[in-house]
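Visitor: This one is coords-v4.pdb, PDB, C-alpha atoms.
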```
MODEL        1
ATOM      1  CA  GLY B   1     119.216   1.241 -62.253  1.00  0.00           C
ATOM      2  CA  GLN B   2     118.695   3.755 -65.001  1.00  0.00           C
ATOM      3  CA  ALA B   3     115.367   5.477 -65.712  1.00  0.00           C
ATOM      4  CA  ALA B   4     113.889   8.821 -66.724  1.00  0.00           C
ATOM      5  CA  LEU B   5     111.523  10.522 -64.290  1.00  0.00           C
ATOM      6  CA  HIS B   6     109.969  13.949 -64.180  1.00  0.00           C
ATOM      7  CA  ASP B   7     112.251  16.567 -62.663  1.00  0.00           C
ATOM      8  CA  ILE B   8     110.003  18.458 -60.256  1.00  0.00           C
ATOM      9  CA  HIS B   9     112.868  20.633 -59.034  1.00  0.00           C
ATOM     10  CA  GLY B  10     113.818  22.103 -62.390  1.00  0.00           C
ATOM     11  CA  VAL B  11     111.965  23.765 -65.212  1.00  0.00           C
ATOM     12  CA  ALA B  12     108.412  22.595 -65.828  1.00  0.00           C
ATOM     13  CA  ASP B  13     108.003  19.579 -68.106  1.00  0.00           C
ATOM     14  CA  VAL B  14     111.710  18.685 -67.864  1.00  0.00           C
ATOM     15  CA  TRP B  15     112.541  15.000 -67.475  1.00  0.00           C
ATOM     16  CA  TYR B  16     115.499  13.400 -65.810  1.00  0.00           C
ATOM     17  CA  SER B  17     118.074  12.002 -68.215  1.00  0.00           C
ATOM     18  CA  LEU B  18     118.063   8.328 -69.174  1.00  0.00           C
ATOM     19  CA  GLY B  19     121.509   8.224 -67.633  1.00  0.00           C
ATOM     20  CA  SER B  20     120.184   9.127 -64.190  1.00  0.00           C
ATOM     21  CA  ASN B  21     121.433   6.663 -61.628  1.00  0.00           C
ATOM     22  CA  LEU B  22     118.500   5.743 -59.396  1.00  0.00           C
ATOM     23  CA  ALA B  23     120.756   3.768 -57.055  1.00  0.00           C
ATOM     24  CA  ALA B  24     122.797   6.811 -55.996  1.00  0.00           C
ATOM     25  CA  MET B  25     122.184  10.207 -54.485  1.00  0.00           C
ATOM     26  CA  PRO B  26     122.082  13.124 -56.958  1.00  0.00           C
ATOM     27  CA  GLU B  27     125.389  14.984 -57.153  1.00  0.00           C
ATOM     28  CA  ASP B  28     123.732  18.314 -56.364  1.00  0.00           C
ATOM     29  CA  GLY B  29     122.679  17.052 -52.930  1.00  0.00           C
ATOM     30  CA  ALA B  30     118.978  17.039 -53.780  1.00  0.00           C
ATOM     31  CA  ALA B  31     116.568  14.377 -52.593  1.00  0.00           C
ATOM     32  CA  PRO B  32     116.819  10.962 -54.321  1.00  0.00           C
ATOM     33  CA  ILE B  33     114.991  10.665 -57.618  1.00  0.00           C
ATOM     34  CA  GLY B  34     111.715   8.919 -56.870  1.00  0.00           C
ATOM     35  CA  GLY B  35     112.308   9.063 -53.115  1.00  0.00           C
ATOM     36  CA  PRO B  36     114.383   7.029 -50.636  1.00  0.00           C
ATOM     37  CA  GLY B  37     112.337   3.870 -51.193  1.00  0.00           C
ATOM     38  CA  LEU B  38     113.146   3.747 -54.904  1.00  0.00           C
ATOM     39  CA  LEU B  39     116.825   4.336 -54.202  1.00  0.00           C
ATOM     40  CA  LEU B  40     116.934   1.480 -51.685  1.00  0.00           C
ATOM     41  CA  LEU B  41     115.063  -0.778 -54.127  1.00  0.00           C
ATOM     42  CA  PHE B  42     117.603  -0.247 -56.896  1.00  0.00           C
ATOM     43  CA  ARG B  43     120.480  -0.732 -54.464  1.00  0.00           C
ATOM     44  CA  PHE B  44     118.891  -4.026 -53.446  1.00  0.00           C
ATOM     45  CA  GLN B  45     118.552  -5.100 -57.080  1.00  0.00           C
ATOM     46  CA  MET B  46     122.204  -4.260 -57.701  1.00  0.00           C
ATOM     47  CA  ALA B  47     123.199  -6.283 -54.635  1.00  0.00           C
ATOM     48  CA  VAL B  48     121.180  -9.294 -55.841  1.00  0.00           C
ATOM     49  CA  LEU B  49     122.778  -9.121 -59.301  1.00  0.00           C
ATOM     50  CA  ALA B  50     126.241  -8.860 -57.751  1.00  0.00           C
ATOM     51  CA  TRP B  51     125.512 -11.850 -55.507  1.00  0.00           C
ATOM     52  CA  VAL B  52     124.311 -13.968 -58.459  1.00  0.00           C
ATOM     53  CA  ILE B  53     127.417 -13.123 -60.491  1.00  0.00           C
ATOM     54  CA  PHE B  54     129.613 -13.904 -57.496  1.00  0.00           C
ATOM     55  CA  VAL B  55     127.982 -17.322 -57.006  1.00  0.00           C
ATOM     56  CA  ILE B  56     128.316 -18.198 -60.713  1.00  0.00           C
ATOM     57  CA  VAL B  57     132.012 -17.251 -60.750  1.00  0.00           C
ATOM     58  CA  CYS B  58     132.652 -19.259 -57.577  1.00  0.00           C
ATOM     59  CA  TRP B  59     130.857 -22.280 -59.061  1.00  0.00           C
ATOM     60  CA  LEU B  60     132.960 -22.075 -62.211  1.00  0.00           C
ATOM     61  CA  LEU B  61     136.133 -21.869 -60.137  1.00  0.00           C
ATOM     62  CA  LEU B  62     135.010 -24.898 -58.136  1.00  0.00           C
ATOM     63  CA  SER B  63     134.317 -26.770 -61.370  1.00  0.00           C
ATOM     64  CA  ARG B  64     137.781 -25.939 -62.634  1.00  0.00           C
ATOM     65  CA  HIS B  65     139.288 -27.283 -59.422  1.00  0.00           C
ATOM     66  CA  LEU B  66     137.176 -30.444 -59.075  1.00  0.00           C
ATOM     67  CA  GLY B  67     136.617 -31.149 -62.765  1.00  0.00           C
ATOM     68  CA  TRP B  68     134.356 -29.844 -65.496  1.00  0.00           C
ATOM     69  CA  GLU B  69     132.126 -32.902 -65.039  1.00  0.00           C
ATOM     70  CA  LEU B  70     130.512 -30.924 -62.231  1.00  0.00           C
ATOM     71  CA  LEU B  71     128.848 -28.726 -64.851  1.00  0.00           C
ATOM     72  CA  VAL B  72     127.316 -31.535 -66.916  1.00  0.00           C
ATOM     73  CA  VAL B  73     126.606 -34.350 -64.472  1.00  0.00           C
ATOM     74  CA  GLY B  74     122.939 -35.278 -64.552  1.00  0.00           C
ATOM     75  CA  THR B  75     122.297 -33.620 -67.913  1.00  0.00           C
ATOM     76  CA  TYR B  76     123.181 -36.422 -70.347  1.00  0.00           C
ATOM     77  CA  LEU B  77     120.372 -37.830 -72.488  1.00  0.00           C
ATOM     78  CA  VAL B  78     120.442 -41.603 -73.036  1.00  0.00           C
ATOM     79  CA  GLU B  79     118.587 -43.705 -75.585  1.00  0.00           C
ATOM     80  CA  ASP B  80     118.801 -47.256 -74.227  1.00  0.00           C
ATOM     81  CA  GLU B  81     119.259 -49.183 -71.007  1.00  0.00           C
ATOM     82  CA  GLN B  82     122.972 -49.758 -71.453  1.00  0.00           C
ATOM     83  CA  GLU B  83     123.736 -46.072 -71.820  1.00  0.00           C
ATOM     84  CA  MET B  84     121.462 -45.420 -68.835  1.00  0.00           C
ATOM     85  CA  CYS B  85     123.529 -47.747 -66.660  1.00  0.00           C
ATOM     86  CA  GLN B  86     126.779 -46.203 -67.872  1.00  0.00           C
ATOM     87  CA  ALA B  87     125.496 -42.686 -67.184  1.00  0.00           C
ATOM     88  CA  ILE B  88     124.299 -43.646 -63.699  1.00  0.00           C
ATOM     89  CA  ARG B  89     127.614 -45.295 -62.853  1.00  0.00           C
ATOM     90  CA  TRP B  90     129.602 -42.357 -64.150  1.00  0.00           C
ATOM     91  CA  GLY B  91     127.348 -39.865 -62.345  1.00  0.00           C
ATOM     92  CA  ARG B  92     127.676 -41.752 -59.058  1.00  0.00           C
ATOM     93  CA  GLY B  93     131.447 -41.674 -59.367  1.00  0.00           C
ATOM     94  CA  VAL B  94     131.444 -37.936 -60.020  1.00  0.00           C
ATOM     95  CA  ARG B  95     129.067 -37.349 -57.129  1.00  0.00           C
ATOM     96  CA  ASP B  96     131.251 -39.266 -54.678  1.00  0.00           C
ATOM     97  CA  ARG B  97     134.409 -37.541 -55.888  1.00  0.00           C
ATOM     98  CA  VAL B  98     133.070 -33.988 -55.543  1.00  0.00           C
ATOM     99  CA  ALA B  99     130.885 -34.527 -52.455  1.00  0.00           C
ATOM    100  CA  VAL B 100     133.335 -32.952 -50.000  1.00  0.00           C
ATOM    101  CA  GLY B 101     134.051 -30.018 -52.299  1.00  0.00           C
ATOM    102  CA  LYS B 102     130.344 -29.317 -52.857  1.00  0.00           C
ATOM    103  CA  LEU B 103     129.709 -29.494 -49.109  1.00  0.00           C
ATOM    104  CA  CYS B 104     132.482 -26.990 -48.399  1.00  0.00           C
ATOM    105  CA  PHE B 105     131.171 -24.742 -51.182  1.00  0.00           C
ATOM    106  CA  THR B 106     127.609 -24.842 -49.815  1.00  0.00           C
ATOM    107  CA  VAL B 107     128.645 -24.110 -46.221  1.00  0.00           C
ATOM    108  CA  THR B 108     130.985 -21.291 -47.280  1.00  0.00           C
ATOM    109  CA  LEU B 109     128.366 -19.779 -49.587  1.00  0.00           C
ATOM    110  CA  TYR B 110     125.743 -19.908 -46.830  1.00  0.00           C
ATOM    111  CA  ALA B 111     128.080 -18.177 -44.360  1.00  0.00           C
ATOM    112  CA  LEU B 112     129.116 -15.506 -46.870  1.00  0.00           C
ATOM    113  CA  SER B 113     125.494 -14.929 -47.883  1.00  0.00           C
ATOM    114  CA  THR B 114     124.463 -14.434 -44.262  1.00  0.00           C
ATOM    115  CA  LEU B 115     127.308 -12.008 -43.570  1.00  0.00           C
ATOM    116  CA  GLY B 116     126.613 -10.226 -46.843  1.00  0.00           C
ATOM    117  CA  CYS B 117     122.914  -9.784 -46.010  1.00  0.00           C
ATOM    118  CA  LEU B 118     123.711  -8.376 -42.572  1.00  0.00           C
ATOM    119  CA  THR B 119     126.340  -6.031 -43.988  1.00  0.00           C
ATOM    120  CA  PHE B 120     124.017  -4.856 -46.740  1.00  0.00           C
ATOM    121  CA  ALA B 121     121.208  -4.257 -44.236  1.00  0.00           C
ATOM    122  CA  VAL B 122     123.529  -2.038 -42.186  1.00  0.00           C
ATOM    123  CA  CYS B 123     124.565  -0.151 -45.334  1.00  0.00           C
ATOM    124  CA  GLN B 124     120.922   0.385 -46.288  1.00  0.00           C
ATOM    125  CA  TYR B 125     120.150   1.694 -42.811  1.00  0.00           C
ATOM    126  CA  GLN B 126     123.115   4.067 -42.932  1.00  0.00           C
ATOM    127  CA  ARG B 127     122.034   5.307 -46.341  1.00  0.00           C
ATOM    128  CA  VAL B 128     118.533   6.041 -44.998  1.00  0.00           C
ATOM    129  CA  GLN B 129     120.056   7.971 -42.103  1.00  0.00           C
ATOM    130  CA  GLU B 130     122.250   9.895 -44.546  1.00  0.00           C
ATOM    131  CA  ILE B 131     119.277  10.778 -46.738  1.00  0.00           C
ATOM    132  CA  ASP B 132     117.220  11.830 -43.742  1.00  0.00           C
ATOM    133  CA  GLY B 133     120.051  14.037 -42.510  1.00  0.00           C
ATOM    134  CA  ASN B 134     120.633  15.733 -45.873  1.00  0.00           C
ATOM    135  CA  THR B 135     117.034  16.321 -46.946  1.00  0.00           C
ATOM    136  CA  CYS B 136     114.072  18.133 -45.463  1.00  0.00           C
ATOM    137  CA  THR B 137     110.709  16.379 -45.265  1.00  0.00           C
ATOM    138  CA  MET B 138     107.501  16.850 -43.302  1.00  0.00           C
ATOM    139  CA  MET B 139     108.958  14.526 -40.651  1.00  0.00           C
ATOM    140  CA  ASP B 140     111.534  17.208 -39.826  1.00  0.00           C
ATOM    141  CA  TYR B 141     108.739  19.582 -38.809  1.00  0.00           C
ATOM    142  CA  ALA B 142     106.603  17.151 -36.821  1.00  0.00           C
ATOM    143  CA  LEU B 143     106.402  16.549 -33.079  1.00  0.00           C
ATOM    144  CA  PHE B 144     105.309  13.177 -31.734  1.00  0.00           C
ATOM    145  CA  LEU B 145     103.689  13.175 -28.298  1.00  0.00           C
ATOM    146  CA  TYR B 146     103.043  10.035 -26.307  1.00  0.00           C
ATOM    147  CA  GLY B 147     102.074   9.200 -22.750  1.00  0.00           C
ATOM    148  CA  LEU B 148      99.085  11.527 -22.751  1.00  0.00           C
ATOM    149  CA  PRO B 149      96.041  10.383 -20.775  1.00  0.00           C
ATOM    150  CA  PRO B 150      93.105   8.964 -22.778  1.00  0.00           C
ATOM    151  CA  GLN B 151      90.666  11.674 -23.810  1.00  0.00           C
ATOM    152  CA  ALA B 152      87.415  11.899 -25.730  1.00  0.00           C
ATOM    153  CA  GLY B 153      85.349  14.603 -27.314  1.00  0.00           C
ATOM    154  CA  SER B 154      85.489  17.027 -30.220  1.00  0.00           C
ATOM    155  CA  GLY B 155      87.942  19.472 -28.617  1.00  0.00           C
ATOM    156  CA  VAL B 156      90.876  17.138 -28.042  1.00  0.00           C
ATOM    157  CA  GLU B 157      92.944  18.542 -30.931  1.00  0.00           C
ATOM    158  CA  ALA B 158      92.401  22.121 -29.811  1.00  0.00           C
ATOM    159  CA  GLU B 159      93.314  21.255 -26.229  1.00  0.00           C
ATOM    160  CA  VAL B 160      96.538  19.496 -27.214  1.00  0.00           C
ATOM    161  CA  GLU B 161      97.436  22.274 -29.658  1.00  0.00           C
ATOM    162  CA  GLY B 162      96.960  24.906 -26.975  1.00  0.00           C
ATOM    163  CA  TYR B 163      99.121  22.962 -24.525  1.00  0.00           C
ATOM    164  CA  VAL B 164     101.988  22.500 -27.014  1.00  0.00           C
ATOM    165  CA  ARG B 165     101.807  26.163 -28.072  1.00  0.00           C
ATOM    166  CA  GLU B 166     101.969  27.247 -24.442  1.00  0.00           C
ATOM    167  CA  VAL B 167     104.932  25.007 -23.587  1.00  0.00           C
ATOM    168  CA  SER B 168     106.956  25.553 -26.767  1.00  0.00           C
ATOM    169  CA  GLY B 169     106.027  29.135 -27.503  1.00  0.00           C
ATOM    170  CA  ARG B 170     105.666  28.337 -31.215  1.00  0.00           C
ATOM    171  CA  GLU B 171     102.770  28.394 -33.622  1.00  0.00           C
ATOM    172  CA  LEU B 172     101.509  25.027 -34.895  1.00  0.00           C
ATOM    173  CA  VAL B 173     100.132  24.106 -38.271  1.00  0.00           C
ATOM    174  CA  GLY B 174      97.793  21.587 -36.699  1.00  0.00           C
ATOM    175  CA  VAL B 175      97.379  18.558 -34.459  1.00  0.00           C
ATOM    176  CA  SER B 176      96.422  15.039 -35.478  1.00  0.00           C
ATOM    177  CA  VAL B 177      95.149  12.706 -32.760  1.00  0.00           C
ATOM    178  CA  CYS B 178      95.303   8.907 -32.878  1.00  0.00           C
ATOM    179  CA  TRP B 179      91.817   7.689 -32.020  1.00  0.00           C
ATOM    180  CA  ASP B 180      91.114   4.294 -30.507  1.00  0.00           C
ATOM    181  CA  PHE B 181      88.037   3.120 -32.441  1.00  0.00           C
ATOM    182  CA  ARG B 182      88.581  -0.635 -32.297  1.00  0.00           C
ATOM    183  CA  GLU B 183      85.200  -1.252 -30.633  1.00  0.00           C
ATOM    184  CA  ARG B 184      83.381   0.577 -33.473  1.00  0.00           C
ATOM    185  CA  ALA B 185      85.769  -0.094 -36.359  1.00  0.00           C
ATOM    186  CA  ASP B 186      83.009  -1.275 -38.722  1.00  0.00           C
ATOM    187  CA  ASP B 187      80.902   1.849 -38.176  1.00  0.00           C
ATOM    188  CA  VAL B 188      83.894   4.122 -38.722  1.00  0.00           C
ATOM    189  CA  LEU B 189      84.859   2.363 -41.962  1.00  0.00           C
ATOM    190  CA  VAL B 190      81.309   2.734 -43.285  1.00  0.00           C
ATOM    191  CA  LEU B 191      81.313   6.455 -42.500  1.00  0.00           C
ATOM    192  CA  LEU B 192      84.680   6.846 -44.233  1.00  0.00           C
ATOM    193  CA  GLU B 193      83.416   5.055 -47.347  1.00  0.00           C
ATOM    194  CA  ARG B 194      80.337   7.308 -47.423  1.00  0.00           C
ATOM    195  CA  ASP B 195      82.502  10.415 -47.104  1.00  0.00           C
ATOM    196  CA  VAL B 196      84.820   9.261 -49.915  1.00  0.00           C
ATOM    197  CA  TRP B 197      81.818   8.503 -52.132  1.00  0.00           C
ATOM    198  CA  ARG B 198      80.331  11.989 -51.551  1.00  0.00           C
ATOM    199  CA  ARG B 199      83.669  13.654 -52.303  1.00  0.00           C
ATOM    200  CA  GLU B 200      84.170  11.649 -55.485  1.00  0.00           C
ATOM    201  CA  HIS B 201      80.668  12.489 -56.723  1.00  0.00           C
ATOM    202  CA  ASP B 202      80.772  16.067 -55.361  1.00  0.00           C
ATOM    203  CA  THR B 203      77.412  15.712 -53.671  1.00  0.00           C
ATOM    204  CA  HIS B 204      75.855  15.808 -50.246  1.00  0.00           C
ATOM    205  CA  ASP B 205      73.257  13.188 -51.081  1.00  0.00           C
ATOM    206  CA  GLU B 206      72.937   9.999 -49.104  1.00  0.00           C
ATOM    207  CA  ALA B 207      75.411   7.270 -50.104  1.00  0.00           C
ATOM    208  CA  PRO B 208      74.159   4.141 -51.914  1.00  0.00           C
ATOM    209  CA  PRO B 209      72.815   1.264 -49.808  1.00  0.00           C
ATOM    210  CA  LEU B 210      75.974  -0.795 -50.507  1.00  0.00           C
ATOM    211  CA  LEU B 211      77.928   1.684 -48.430  1.00  0.00           C
ATOM    212  CA  SER B 212      75.426   1.699 -45.589  1.00  0.00           C
TER     213      SER B 212
ENDMDL
END
```
Using structure tokens, write down the structure from this file.

Guide:
Amino acid sequence: GQAALHDIHGVADVWYSLGSNLAAMPEDGAAPIGGPGLLLLFRFQMAVLAWVIFVIVCWLLLSRHLGWELLVVGTYLVEDEQEMCQAIRWGRGVRDRVAVGKLCFTVTLYALSTLGCLTFAVCQYQRVQEIDGNTCTMMDYALFLYGLPPQAGSGVEAEVEGYVREVSGRELVGVSVCWDFRERADDVLVLLERDVWRREHDTHDEAPPLLS
């Protein structure tokens, strides 16, 4: 995968080279161009292309072993009934002769494809772990708390922040609480749409009726 993207780590308005490999980590150890997701996507595309080429080569080798008729059977055009009968008879003979070979090819290809998918999935996972270990993101500075008792009110964030600061002895940037609003999901979504509308129009006026 080759592409040119904006280099946000270098001088302003500098673009990555057209020769940038989006399927590999940069040599300078920086974060992947476009992020880990783009890198994994291009690795997946390369794997698919390699698999297609592999299948085509294997099919050609099978055709060389069983006979080149395997490549053309079922493709002949006939003009009358006699040629139709001859083509059907010839095709049936080819089919019966290569049936065992095609079955072995299909089973082997299925097994190799399954093993290849599992192996590639493990490689993708290892690459994600490698990227996460070599780069710094907001996830490296976040703390996930679970098992806390259900709470309600406007001071939940401040209470949790004070508790974590007291236990850890470190200053926090902020706390984000996961709220359970399933019983009033529709009301919350309406309020969010109103807030987005006011921010987009830079006004404190009441939102249109469609958002009410």

Visitor: Identify, on the basis of all atoms listed in the file, every residue whose closest approach to stretch 155-162 of chain B does not exceed 12 Å; exclude the query and any residue fewer than 3 positions from it along the same chain; express the result as a list in words.

Guide: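 Once the nearby chain positions are removed, what remains is Leu143, Phe144, Leu145, Tyr146, Leu148, Pro149, Pro150, Gln151, Ala152, Arg165, Glu166, Val167, Ser168, Gly169, Arg170, Glu171, Leu172, Val173, Gly174, Val175, Ser176, Val177, Cys178 and Trp179 of chain B.
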
Visitor: Between atom CA of B:Arg43 and atom CA of B:Phe105, what is the spacing in Å?

Guide: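 Between atom CA of B:Phe105 and atom CA of B:Arg43 the gap works out to 26.5 Å.
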
Visitor: Which residue gives the smallest distance to B:Thr106 among B:Val55, B:Leu41, B:Leu191, B:Val72, with only C-alpha atoms counted?

Guide: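 Closest to B:Thr106, using only C-alpha atoms: B:Val55.
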
Visitor: Residues near B:Glu130, anyone? I mean within 12 Å using only C-alpha atoms, not counting same-chain ones fewer than 2 positions away, as a ChimeraX atom specification.

Guide: /B:24-25,29,31-32,36,123-128,132-136

Visitor: Enter the distance from atom CA of B:Phe54 to atom CA of B:Phe120, in Å, rounded to one decimal.

Guide: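 Rounded to one decimal, the two atoms are 15.1 Å apart.
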
Visitor: Can you measure atom CA of B:Ser63 to atom CA of B:Val98 for me? One decimal in Å is fine.

Guide: 9.4 Å

Visitor: Assuming 3 Å of padding per side, give the centre and edge lengths of the axis-aligned box around every listed atom of stretch 78-81 of chain B, in Å to one decimal and as JSON.

Guide:
```
{"center_x": 119.5, "center_y": -45.4, "center_z": -73.3, "size_x": 7.9, "size_y": 13.6, "size_z": 10.6}
```

Visitor: With distances taken over only C-alpha atoms, which of B:Thr108, B:Ala185, B:Arg97, B:Arg92 is nearest to B:Gly67?

Guide: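 Of B:Thr108, B:Ala185, B:Arg97, B:Arg92, the one nearest B:Gly67, counting only C-alpha atoms, is B:Arg97.
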
Visitor: If you apply the PyMOL selection byres ((chain B and resi 102) around 12) to this file, what residues do you get, as a ChimeraX atom specification?

Guide: /B:58-59,61-63,65-67,70,94-101,103-109
